[in-house]
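A.B. asks: Provided herewith: upload30.tsv, TSV, C-alpha atoms.
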```tsv
chain	number	residue	atom	x	y	z
T	1	MET	CA	92.51	80.04	104.61
T	2	ILE	CA	96.10	80.95	105.56
T	3	ASN	CA	96.30	83.47	102.70
T	4	LYS	CA	93.01	85.01	103.81
T	5	LEU	CA	94.24	85.39	107.38
T	6	THR	CA	97.48	86.90	106.11
T	7	THR	CA	95.54	89.45	104.05
T	8	ILE	CA	93.40	90.44	107.04
T	9	ALA	CA	96.44	90.70	109.28
T	10	ALA	CA	98.17	92.93	106.76
T	11	ALA	CA	95.20	95.30	106.80
T	12	ILE	CA	95.29	95.66	110.58
T	13	VAL	CA	98.17	97.42	112.27
T	14	LEU	CA	98.38	96.47	115.92
T	15	VAL	CA	101.39	97.60	117.93
T	16	SER	CA	101.86	96.35	121.49
T	17	THR	CA	102.72	98.78	124.24
T	18	ALA	CA	105.97	96.98	124.93
T	19	ALA	CA	107.17	97.28	121.35
T	20	ASN	CA	106.21	100.90	120.81
T	21	ALA	CA	108.54	103.63	122.00
T	22	ASN	CA	105.58	105.86	122.87
T	23	GLU	CA	103.92	103.04	124.85
T	24	GLN	CA	100.76	103.37	122.82
T	25	THR	CA	98.36	100.90	121.29
T	26	VAL	CA	97.55	101.37	117.61
T	27	TYR	CA	94.73	99.82	115.62
T	28	GLN	CA	93.99	100.38	111.94
T	29	PHE	CA	90.48	99.41	110.91
T	30	PRO	CA	90.22	97.03	107.95
T	31	GLN	CA	87.97	99.59	106.23
T	32	VAL	CA	87.53	103.35	106.43
T	33	GLN	CA	85.08	104.13	109.23
T	34	PRO	CA	82.19	106.60	108.93
T	35	ALA	CA	82.18	109.72	111.08
T	36	SER	CA	80.84	109.16	114.58
T	37	SER	CA	77.22	110.11	115.04
T	38	ALA	CA	76.42	113.30	116.93
T	39	GLN	CA	76.73	112.93	120.68
T	40	LEU	CA	73.54	112.80	122.70
T	41	GLU	CA	72.78	116.23	124.15
T	42	THR	CA	69.19	115.75	125.34
T	43	LEU	CA	67.14	112.74	126.40
T	44	GLU	CA	63.38	112.22	126.00
T	45	LYS	CA	61.32	109.53	127.73
T	46	GLU	CA	57.71	108.78	128.62
T	47	SER	CA	56.27	107.02	131.65
T	48	VAL	CA	52.88	105.38	132.34
T	49	GLU	CA	53.95	104.11	135.75
T	50	TYR	CA	54.93	105.23	139.20
T	51	TRP	CA	56.82	103.74	142.09
T	52	GLN	CA	57.36	104.61	145.72
T	53	LYS	CA	58.96	103.08	148.78
T	54	VAL	CA	56.65	102.12	151.61
T	55	SER	CA	57.35	100.68	155.04
T	56	GLY	CA	55.97	97.56	156.61
T	57	LYS	CA	54.09	99.81	159.03
T	58	GLU	CA	52.47	101.73	156.16
T	59	LEU	CA	51.45	98.52	154.39
T	60	LYS	CA	49.73	97.30	157.53
T	61	ARG	CA	47.87	100.61	157.90
T	62	GLY	CA	47.06	100.95	154.20
T	63	VAL	CA	48.80	102.68	151.29
T	64	PRO	CA	46.88	104.67	148.64
T	65	VAL	CA	47.09	103.20	145.12
T	66	PHE	CA	46.29	105.41	142.12
T	67	VAL	CA	44.85	103.43	139.20
T	68	ASN	CA	42.80	105.02	136.40
T	69	GLN	CA	42.18	102.27	133.86
T	70	ALA	CA	41.26	98.60	133.69
T	71	ASP	CA	44.63	97.61	132.19
T	72	ASN	CA	46.80	97.94	135.27
T	73	PHE	CA	49.39	95.97	137.16
T	74	ILE	CA	50.59	96.45	140.73
T	75	ARG	CA	53.92	95.00	141.81
T	76	ILE	CA	55.19	94.95	145.39
T	77	ALA	CA	58.77	93.92	146.11
T	78	PRO	CA	60.75	93.64	149.36
T	79	LYS	CA	63.82	95.90	149.41
T	80	ALA	CA	66.89	95.15	151.49
T	81	ARG	CA	67.94	97.89	153.90
T	82	PHE	CA	71.29	98.60	155.51
T	83	ASP	CA	71.64	99.50	159.16
T	84	SER	CA	74.91	99.75	161.11
T	85	GLY	CA	76.75	97.76	158.46
T	86	GLU	CA	74.19	94.93	158.42
T	87	VAL	CA	71.79	93.94	155.66
T	88	PHE	CA	68.16	93.30	156.58
T	89	LYS	CA	65.90	91.53	154.06
T	90	PRO	CA	62.15	92.05	154.61
T	91	HIS	CA	59.67	89.22	154.80
T	92	GLY	CA	58.21	88.15	151.47
T	93	LEU	CA	54.58	89.20	151.05
T	94	GLN	CA	51.78	86.64	151.14
T	95	LEU	CA	49.12	87.27	148.50
T	96	ASP	CA	46.30	85.91	150.60
T	97	LYS	CA	47.05	88.54	153.25
T	98	LEU	CA	46.76	91.47	150.81
T	99	SER	CA	43.53	93.37	150.22
T	100	VAL	CA	42.38	96.60	148.56
T	101	ARG	CA	39.63	98.73	150.11
T	102	ASP	CA	37.87	101.93	149.09
T	103	ASP	CA	37.55	105.08	151.20
T	104	SER	CA	34.49	103.56	152.92
T	105	PHE	CA	36.66	100.57	153.89
T	106	ARG	CA	34.72	98.26	151.56
T	107	GLN	CA	36.83	95.56	149.96
T	108	MET	CA	37.52	96.09	146.25
T	109	PRO	CA	38.00	93.22	143.78
T	110	MET	CA	41.52	92.13	142.83
T	111	GLN	CA	42.31	90.11	139.71
T	112	ALA	CA	45.23	88.31	138.09
T	113	MET	CA	47.14	87.84	141.32
T	114	VAL	CA	50.66	86.58	140.64
T	115	ALA	CA	52.60	84.57	143.20
T	116	ARG	CA	56.33	85.04	143.87
T	117	GLU	CA	57.14	81.85	141.96
T	118	GLN	CA	55.33	83.14	138.87
T	119	MET	CA	57.05	86.53	139.18
T	120	GLU	CA	60.43	84.79	139.27
T	121	ASN	CA	59.53	82.89	136.11
T	122	ALA	CA	58.66	86.24	134.51
T	123	GLY	CA	62.10	87.64	135.34
T	124	PHE	CA	61.38	89.33	138.68
T	125	SER	CA	63.77	87.55	141.06
T	126	ASP	CA	63.44	90.09	143.87
T	127	GLY	CA	60.63	88.36	145.75
T	128	SER	CA	57.89	90.41	144.05
T	129	VAL	CA	54.20	89.67	144.13
T	130	GLY	CA	51.76	91.12	141.59
T	131	LEU	CA	48.07	91.88	141.37
T	132	LYS	CA	45.56	93.68	139.19
T	133	LEU	CA	42.91	96.02	140.53
T	134	GLY	CA	39.46	95.16	139.22
T	135	GLN	CA	37.70	98.41	140.13
T	136	VAL	CA	39.17	101.80	139.22
T	137	ASN	CA	36.39	104.30	139.94
T	138	GLY	CA	37.28	105.14	143.51
T	139	LYS	CA	40.04	105.65	146.02
T	140	ALA	CA	41.98	102.46	146.70
T	141	MET	CA	43.98	101.55	149.80
T	142	LEU	CA	46.30	98.56	149.62
T	143	ARG	CA	47.00	96.86	152.92
T	144	THR	CA	48.20	93.60	154.38
T	145	SER	CA	47.20	91.69	157.48
T	146	GLN	CA	50.61	90.00	157.51
T	147	ALA	CA	52.88	90.51	160.55
T	148	LEU	CA	55.57	92.68	158.94
T	149	ASN	CA	58.34	94.55	160.70
T	150	ASP	CA	57.52	98.27	160.88
T	151	ASP	CA	60.95	99.31	159.53
T	152	ASP	CA	61.02	96.92	156.58
T	153	THR	CA	60.94	98.59	153.16
T	154	TYR	CA	58.91	97.58	150.11
T	155	LEU	CA	58.72	98.99	146.59
T	156	LEU	CA	55.21	99.68	145.31
T	157	HIS	CA	55.20	99.82	141.49
T	158	VAL	CA	52.02	100.64	139.54
T	159	ILE	CA	51.95	100.28	135.74
T	160	GLU	CA	49.12	101.43	133.41
T	161	LYS	CA	50.20	100.15	130.00
T	162	GLY	CA	48.89	102.18	127.08
T	163	SER	CA	47.59	104.99	129.29
T	164	SER	CA	46.78	108.28	127.56
T	165	ASN	CA	48.07	110.02	130.69
T	166	ALA	CA	51.77	109.56	130.00
T	167	LEU	CA	54.37	111.73	131.69
T	168	HIS	CA	56.75	113.15	129.08
T	169	ALA	CA	60.22	114.26	130.14
T	170	LYS	CA	62.93	116.03	128.16
T	171	SER	CA	66.18	116.70	129.95
T	172	GLN	CA	69.76	117.70	129.33
T	173	PHE	CA	71.98	114.62	129.02
T	174	LYS	CA	75.44	116.19	129.01
T	175	VAL	CA	76.05	118.43	132.03
T	176	LYS	CA	79.14	120.65	132.03
T	177	ASP	CA	81.57	120.82	134.92
T	178	GLN	CA	80.50	123.27	137.68
T	179	GLN	CA	77.01	123.50	136.16
T	180	GLN	CA	74.31	123.49	138.86
T	181	ARG	CA	71.12	123.86	136.79
T	182	VAL	CA	69.95	121.19	134.35
T	183	ALA	CA	67.05	121.68	131.93
T	184	MET	CA	64.22	119.23	132.68
T	185	GLN	CA	60.87	119.80	130.98
T	186	LEU	CA	57.94	117.76	132.33
T	187	SER	CA	54.49	117.61	130.77
T	188	MET	CA	51.39	115.45	130.46
T	189	GLY	CA	49.62	116.28	127.21
T	190	LYS	CA	49.13	120.05	127.27
T	191	LYS	CA	49.58	120.21	131.02
T	192	ARG	CA	52.76	121.76	132.43
T	193	PHE	CA	53.72	121.26	136.05
T	194	LYS	CA	54.31	123.86	138.72
T	195	ASP	CA	57.42	123.65	140.86
T	196	ASN	CA	55.56	122.27	143.89
T	197	ASP	CA	53.89	119.56	141.74
T	198	VAL	CA	57.27	117.89	141.18
T	199	LYS	CA	59.37	115.96	143.66
T	200	LEU	CA	62.95	115.34	142.55
T	201	THR	CA	65.69	113.08	143.84
T	202	LEU	CA	69.27	113.01	142.55
T	203	SER	CA	71.55	109.98	142.84
T	204	SER	CA	75.27	110.00	142.11
T	205	PRO	CA	76.95	107.11	140.25
T	206	ASP	CA	77.91	105.57	143.61
T	207	GLY	CA	74.34	105.79	144.91
T	208	GLU	CA	74.73	108.85	147.13
T	209	LYS	CA	71.58	111.00	147.46
T	210	LEU	CA	72.22	114.67	146.68
T	211	ASP	CA	70.21	117.83	147.36
T	212	VAL	CA	68.11	118.92	144.37
T	213	ARG	CA	64.93	120.90	143.72
T	214	TYR	CA	62.67	121.62	140.73
T	215	GLU	CA	62.58	125.26	139.71
T	216	ASN	CA	60.92	126.68	136.58
T	217	GLY	CA	61.66	123.70	134.33
T	218	GLU	CA	65.10	122.98	135.73
T	219	ALA	CA	66.69	120.66	138.27
T	220	VAL	CA	68.80	122.82	140.56
T	221	PHE	CA	71.64	121.37	142.65
T	222	ASN	CA	72.83	122.94	145.87
T	223	TYR	CA	76.46	122.07	145.16
T	224	PRO	CA	78.58	121.33	142.07
T	225	LEU	CA	78.80	117.65	141.10
T	226	ASP	CA	81.92	115.69	142.08
T	227	THR	CA	82.04	112.56	139.91
T	228	LEU	CA	83.27	113.21	136.39
T	229	GLY	CA	82.42	110.91	133.47
T	230	ALA	CA	80.55	107.63	133.32
T	231	ILE	CA	83.13	105.03	134.33
T	232	ASN	CA	80.96	104.19	137.38
T	233	GLY	CA	77.64	104.90	135.69
T	234	TYR	CA	75.49	107.99	135.23
T	235	TYR	CA	73.98	110.51	137.57
T	236	GLU	CA	70.22	109.97	137.75
T	237	LEU	CA	67.35	112.40	138.26
T	238	GLU	CA	64.11	110.84	139.43
T	239	ALA	CA	60.92	112.89	139.14
T	240	SER	CA	57.57	112.10	140.75
T	241	VAL	CA	54.40	114.06	139.92
T	242	ASP	CA	50.79	114.04	141.14
T	243	THR	CA	48.06	115.72	139.12
T	244	LYS	CA	44.30	115.64	138.52
T	245	VAL	CA	42.80	114.36	135.24
T	246	ASN	CA	38.98	114.35	134.97
T	247	GLY	CA	38.77	114.56	138.74
T	248	GLN	CA	41.01	111.55	139.35
T	249	THR	CA	44.54	111.59	140.75
T	250	VAL	CA	47.21	110.50	138.28
T	251	LYS	CA	50.63	109.70	139.67
T	252	ARG	CA	53.76	109.16	137.57
T	253	SER	CA	57.48	108.56	138.12
T	254	ILE	CA	60.36	108.78	135.67
T	255	LYS	CA	64.17	108.45	135.78
T	256	MET	CA	66.44	110.56	133.59
T	257	PRO	CA	70.18	109.74	133.50
T	258	PHE	CA	72.87	112.25	132.61
T	259	VAL	CA	76.65	112.42	132.42
T	260	HIS	CA	78.77	115.02	134.19
T	261	SER	CA	81.29	116.08	131.55
T	262	SER	CA	84.37	118.26	131.24
T	263	GLN	CA	86.72	118.82	128.30
T	264	THR	CA	89.60	116.81	129.74
T	265	ILE	CA	91.61	116.68	126.50
T	266	SER	CA	92.30	119.19	123.73
T	267	MET	CA	94.45	118.93	120.62
T	268	ASP	CA	96.60	121.17	118.45
T	269	LYS	CA	96.82	120.95	114.67
T	270	ALA	CA	97.94	117.54	113.42
T	271	LYS	CA	100.99	117.25	111.17
T	272	VAL	CA	100.88	114.49	108.52
T	273	THR	CA	104.08	113.16	106.92
T	274	ALA	CA	104.32	110.89	103.85
T	275	LEU	CA	106.85	108.11	104.56
T	276	GLY	CA	106.76	106.46	101.12
T	277	ASN	CA	105.41	103.08	100.01
T	278	ASN	CA	101.83	104.26	100.80
T	279	LYS	CA	102.69	104.76	104.48
T	280	TYR	CA	101.95	107.95	106.40
T	281	GLN	CA	102.37	109.21	109.92
T	282	ALA	CA	100.33	111.84	111.75
T	283	LYS	CA	101.63	113.59	114.85
T	284	VAL	CA	98.86	115.02	117.05
T	285	PRO	CA	99.93	117.20	120.04
T	286	VAL	CA	97.45	117.08	122.95
T	287	GLN	CA	97.00	118.50	126.42
T	288	VAL	CA	94.96	116.91	129.23
T	289	THR	CA	93.57	118.33	132.46
T	290	ASP	CA	93.48	115.01	134.33
T	291	SER	CA	95.97	112.17	134.16
T	292	GLY	CA	94.60	109.04	132.53
T	293	ARG	CA	94.38	106.88	129.44
T	294	TYR	CA	93.24	108.69	126.32
T	295	ALA	CA	92.54	107.74	122.71
T	296	ILE	CA	92.18	109.39	119.34
T	297	ARG	CA	90.41	108.05	116.27
T	298	ALA	CA	90.80	109.75	112.90
T	299	THR	CA	90.63	109.13	109.16
T	300	LEU	CA	93.46	110.12	106.83
T	301	THR	CA	92.47	111.91	103.62
T	302	GLY	CA	94.32	112.94	100.47
T	303	LYS	CA	93.39	114.27	97.05
T	304	GLY	CA	92.37	112.10	94.09
T	305	ASN	CA	93.24	112.59	90.43
T	306	LYS	CA	90.40	115.08	89.92
T	307	GLY	CA	91.26	117.08	93.02
T	308	GLU	CA	88.50	115.54	95.13
T	309	ARG	CA	89.27	114.69	98.75
T	310	ILE	CA	89.24	110.93	99.39
T	311	LYS	CA	89.31	108.96	102.63
T	312	LEU	CA	92.22	106.52	102.81
T	313	ALA	CA	92.28	104.76	106.20
T	314	THR	CA	91.03	105.02	109.79
T	315	VAL	CA	93.32	104.52	112.78
T	316	GLU	CA	92.77	104.58	116.54
T	317	VAL	CA	95.57	105.16	119.04
T	318	ALA	CA	95.44	104.97	122.84
T	319	LYS	CA	98.02	105.77	125.51
T	320	GLN	CA	98.55	107.13	129.02
T	321	ILE	CA	98.90	110.93	129.17
T	322	ASP	CA	99.57	112.92	132.32
T	323	SER	CA	99.67	116.53	131.08
T	324	TYR	CA	101.21	117.35	127.67
T	325	GLY	CA	101.75	114.61	125.11
T	326	SER	CA	101.12	113.53	121.57
T	327	PHE	CA	99.67	110.66	119.57
T	328	THR	CA	101.66	109.12	116.73
T	329	MET	CA	99.26	107.70	114.19
T	330	PRO	CA	100.69	105.35	111.51
T	331	PHE	CA	98.60	104.78	108.39
T	332	ALA	CA	99.16	102.03	105.79
T	333	VAL	CA	96.96	102.67	102.74
T	334	THR	CA	96.24	100.80	99.53
T	335	GLN	CA	94.80	103.69	97.50
T	336	ALA	CA	97.08	106.27	95.89
T	337	ALA	CA	96.44	109.89	96.77
T	338	LYS	CA	98.15	113.26	96.53
T	339	ALA	CA	99.01	115.94	99.07
T	340	PRO	CA	97.85	117.77	101.04
T	341	TYR	CA	97.08	115.01	103.53
T	342	GLU	CA	94.71	115.80	106.40
T	343	LEU	CA	92.89	114.11	109.28
T	344	VAL	CA	89.08	114.22	109.39
T	345	ASP	CA	86.33	112.68	111.54
T	346	ILE	CA	88.53	113.15	114.61
T	347	GLU	CA	87.21	111.81	117.90
T	348	LEU	CA	89.02	112.12	121.24
T	349	THR	CA	88.20	109.78	124.13
T	350	ASP	CA	89.00	110.01	127.82
T	351	GLN	CA	88.99	106.25	128.47
T	352	THR	CA	89.59	106.65	132.20
T	353	ARG	CA	86.40	108.65	132.68
T	354	MET	CA	84.48	107.37	129.62
T	355	LEU	CA	84.05	110.75	127.93
T	356	LYS	CA	84.06	111.50	124.20
T	357	PHE	CA	84.86	114.77	122.44
T	358	ALA	CA	84.94	115.96	118.84
T	359	GLY	CA	88.44	116.76	117.56
T	360	GLU	CA	89.34	120.30	116.57
```
Once you've parsed the file, please lay out its structure as structure tokens.
C.D. replies:
Amino acid sequence: MINKLTTIAAAIVLVSTAANANEQTVYQFPQVQPASSAQLETLEKESVEYWQKVSGKELKRGVPVFVNQADNFIRIAPKARFDSGEVFKPHGLQLDKLSVRDDSFRQMPMQAMVAREQMENAGFSDGSVGLKLGQVNGKAMLRTSQALNDDDTYLLHVIEKGSSNALHAKSQFKVKDQQQRVAMQLSMGKKRFKDNDVKLTLSSPDGEKLDVRYENGEAVFNYPLDTLGAINGYYELEASVDTKVNGQTVKRSIKMPFVHSSQTISMDKAKVTALGNNKYQAKVPVQVTDSGRYAIRATLTGKGNKGERIKLATVEVAKQIDSYGSFTMPFAVTQAAKAPYELVDIELTDQTRMLKFAGE
């Protein structure tokens, strides 16, 4: 066991920041690592659901519910609101006070009603209640006779699992710095949506709501985005559409995250030196636009006996860089190889802002 641990330790080079003159952390993988997969440039999703916020006042008056098939589920959850630095939690809804009526004010059947306790057992710990609409061939108004506060907020969430009327979205995932238009294609089958059919909201990673509009298949921002990278999460576009299918209103919502990215680090050509005893060192000059902690991962290659290029070892190095700097990458290899020695599969990471870039 001790010999095995010694062998593993010998295959991993780990240098502490205190011991290294460059104050960098170095890790050599036990085995050569494959090249990183291509970074996500676009995102595609489908939705057979919609959600909207409603007030206690609206629930008492009646809120339209759009359901087009027998397999449906309606969830209603109280949402906390903030006012003058205080948090206000709405009253939980009572199922026996809820009803659904058609446009003639006749009561419509409800099925599979789920109490808050059952919702909590199913993983919904937000005070939700759930119900299923038994009749779908007419306009439905959901209301409560419960004494709710007018200003309280509730989330109405309607799901039609397996619906053929799915909203398909394809959007740009990586948004460049200063970019104010993001591709966002929305469709439902062969149907494409007009600008005024789509309502968009844009949330920053810290939850701030930003001005955005839908214009000819793009989300357009009024101002450039501020938050760079994904250290605090992604920006999020939320689209809501209403359309007619066979004379019935179909409503759908979808959320599409994206990262605001900028090339915060660039590198010059690496210089590899053979130190002897199957040890090598690569020096990689870099320049950064924003101070922070950065990393580089790369695989050392040399030439085999038949002139073929072979991969020898993969190392990752991380350190703080404020403007100009360099990474020193030590490699300890077990396979003999000949010059020239080169780095391949290079990946640069801005760890402070959680951004990845392909090496040059």
A.B. asks: Return the single residue from T:Ser187, T:Thr328, T:Gln33, T:Thr144 that is closest to Ser47 of chain T, with distances computed using all atoms listed in the file.
C.D. replies: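 Of T:Ser187, T:Thr328, T:Gln33, T:Thr144, the one nearest Ser47 of chain T is T:Ser187, counting all atoms listed in the file.
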A.B. asks: Residues at most 7 Å from Gly359 of chain T, counting all atoms listed in the file, excluding those fewer than 4 positions away in the same chain, as a list in words?
C.D. replies: Ile346, Glu347 and Leu348 of chain T
A.B. asks: How close does segment 238-275 of chain T get to segment 53-65 of chain T? List, as a tab-separated table, each residue of segment 238-275 of chain T within 12 Å, its nearest atom pair and the distance in Å to one decimal, counting all atoms listed in the file.
C.D. replies:
```
residue	atom	partner	partner_atom	distance
T:Gln248	CA	T:Val65	CA	11.8
T:Thr249	CA	T:Val65	CA	9.8
T:Val250	CA	T:Val65	CA	10.0
T:Lys251	CA	T:Val65	CA	9.2
T:Arg252	CA	T:Val65	CA	11.7
```
A.B. asks: Can you work out the spacing between atom CA of Phe105 of chain T and atom CA of Leu133 of chain T in Å, to one decimal?
C.D. replies: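 Atom CA of Phe105 of chain T sits 15.4 Å away from atom CA of Leu133 of chain T.
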A.B. asks: For a test of reading the model, state the distance in Å between atom CA of Val100 of chain T and atom CA of Ser164 of chain T, rounded to one decimal.
C.D. replies: 24.4 Å
A.B. asks: Under the rule that all atoms listed in the file are counted, which of T:Gln320, T:Thr314, T:Asn216, T:Asn196 is the nearest residue to Ala183 of chain T?
C.D. replies: T:Asn216
A.B. asks: Residues near Val67 of chain T, anyone? I mean within 10 Å using all atoms listed in the file, not counting same-chain ones fewer than 6 positions away, as a list in words.
C.D. replies: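 Here the answer would be Glu49, Phe73, Ile74, Lys132, Leu133, Gly134, Gln135, Val136, Asn137, Gly138, Lys139, Ala140, Val158, Ile159, Glu160, Gln248, Thr249, Val250 and Lys251 of chain T.
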A.B. asks: Rounded to one decimal in Å, what is the spacing between atom CA of Arg213 of chain T and atom CA of Ile231 of chain T?
C.D. replies: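 Answer for the atom CA of Arg213 of chain T to atom CA of Ile231 of chain T separation: 25.9 Å.
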A.B. asks: Can you take the partial segment 24-44 of chain T, add N, CA, C and O atoms, and return it as an mmCIF file, in the frame of the given file?
C.D. replies:
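Everything below was put into rebuild.cif:
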```
data_model
loop_
_atom_site.group_PDB
_atom_site.id
_atom_site.type_symbol
_atom_site.label_atom_id
_atom_site.label_comp_id
_atom_site.auth_asym_id
_atom_site.auth_seq_id
_atom_site.Cartn_x
_atom_site.Cartn_y
_atom_site.Cartn_z
ATOM 1 N N GLN T 24 102.131 103.176 123.247
ATOM 2 C CA GLN T 24 100.760 103.370 122.820
ATOM 3 C C GLN T 24 100.282 102.146 122.056
ATOM 4 O O GLN T 24 101.074 101.375 121.526
ATOM 5 N N THR T 25 98.977 101.978 122.045
ATOM 6 C CA THR T 25 98.360 100.900 121.290
ATOM 7 C C THR T 25 97.741 101.484 120.025
ATOM 8 O O THR T 25 97.041 102.500 120.087
ATOM 9 N N VAL T 26 98.018 100.857 118.895
ATOM 10 C CA VAL T 26 97.550 101.370 117.610
ATOM 11 C C VAL T 26 96.705 100.310 116.911
ATOM 12 O O VAL T 26 97.091 99.142 116.862
ATOM 13 N N TYR T 27 95.588 100.745 116.371
ATOM 14 C CA TYR T 27 94.730 99.820 115.620
ATOM 15 C C TYR T 27 94.271 100.509 114.343
ATOM 16 O O TYR T 27 93.711 101.616 114.384
ATOM 17 N N GLN T 28 94.532 99.884 113.196
ATOM 18 C CA GLN T 28 93.990 100.380 111.940
ATOM 19 C C GLN T 28 92.811 99.509 111.532
ATOM 20 O O GLN T 28 92.923 98.285 111.446
ATOM 21 N N PHE T 29 91.684 100.136 111.301
ATOM 22 C CA PHE T 29 90.480 99.410 110.910
ATOM 23 C C PHE T 29 90.662 98.815 109.512
ATOM 24 O O PHE T 29 91.303 99.426 108.649
ATOM 25 N N PRO T 30 90.118 97.644 109.274
ATOM 26 C CA PRO T 30 90.220 97.030 107.950
ATOM 27 C C PRO T 30 89.616 97.894 106.842
ATOM 28 O O PRO T 30 90.044 97.836 105.692
ATOM 29 N N GLN T 31 88.623 98.711 107.207
ATOM 30 C CA GLN T 31 87.970 99.590 106.230
ATOM 31 C C GLN T 31 87.848 100.985 106.833
ATOM 32 O O GLN T 31 87.846 101.157 108.063
ATOM 33 N N VAL T 32 87.750 101.972 105.967
ATOM 34 C CA VAL T 32 87.530 103.350 106.430
ATOM 35 C C VAL T 32 86.215 103.412 107.206
ATOM 36 O O VAL T 32 85.190 102.884 106.763
ATOM 37 N N GLN T 33 86.255 104.052 108.378
ATOM 38 C CA GLN T 33 85.080 104.130 109.230
ATOM 39 C C GLN T 33 84.309 105.431 108.987
ATOM 40 O O GLN T 33 84.902 106.483 108.723
ATOM 41 N N PRO T 34 82.983 105.376 109.079
ATOM 42 C CA PRO T 34 82.190 106.600 108.930
ATOM 43 C C PRO T 34 82.414 107.523 110.132
ATOM 44 O O PRO T 34 82.871 107.077 111.194
ATOM 45 N N ALA T 35 82.081 108.771 109.967
ATOM 46 C CA ALA T 35 82.180 109.720 111.080
ATOM 47 C C ALA T 35 81.246 109.293 112.195
ATOM 48 O O ALA T 35 80.157 108.755 111.959
ATOM 49 N N SER T 36 81.679 109.518 113.435
ATOM 50 C CA SER T 36 80.840 109.160 114.580
ATOM 51 C C SER T 36 79.568 109.992 114.564
ATOM 52 O O SER T 36 79.574 111.160 114.141
ATOM 53 N N SER T 37 78.488 109.391 114.983
ATOM 54 C CA SER T 37 77.220 110.110 115.040
ATOM 55 C C SER T 37 77.297 111.203 116.109
ATOM 56 O O SER T 37 78.127 111.154 117.017
ATOM 57 N N ALA T 38 76.433 112.188 115.979
ATOM 58 C CA ALA T 38 76.420 113.300 116.930
ATOM 59 C C ALA T 38 76.169 112.788 118.341
ATOM 60 O O ALA T 38 75.364 111.880 118.565
ATOM 61 N N GLN T 39 76.878 113.357 119.291
ATOM 62 C CA GLN T 39 76.730 112.930 120.680
ATOM 63 C C GLN T 39 75.371 113.362 121.229
ATOM 64 O O GLN T 39 74.834 114.408 120.864
ATOM 65 N N LEU T 40 74.852 112.543 122.107
ATOM 66 C CA LEU T 40 73.540 112.800 122.700
ATOM 67 C C LEU T 40 73.621 114.021 123.620
ATOM 68 O O LEU T 40 74.424 114.058 124.542
ATOM 69 N N GLU T 41 72.794 115.021 123.333
ATOM 70 C CA GLU T 41 72.780 116.230 124.150
ATOM 71 C C GLU T 41 71.546 116.298 125.043
ATOM 72 O O GLU T 41 71.597 116.850 126.137
ATOM 73 N N THR T 42 70.416 115.781 124.540
ATOM 74 C CA THR T 42 69.190 115.750 125.340
ATOM 75 C C THR T 42 68.585 114.354 125.293
ATOM 76 O O THR T 42 68.843 113.582 124.367
ATOM 77 N N LEU T 43 67.779 114.051 126.284
ATOM 78 C CA LEU T 43 67.140 112.740 126.400
ATOM 79 C C LEU T 43 65.645 112.946 126.587
ATOM 80 O O LEU T 43 65.228 113.798 127.374
ATOM 81 N N GLU T 44 64.841 112.158 125.863
ATOM 82 C CA GLU T 44 63.380 112.220 126.000
ATOM 83 C C GLU T 44 62.841 110.840 126.344
ATOM 84 O O GLU T 44 63.231 109.841 125.730
#
```
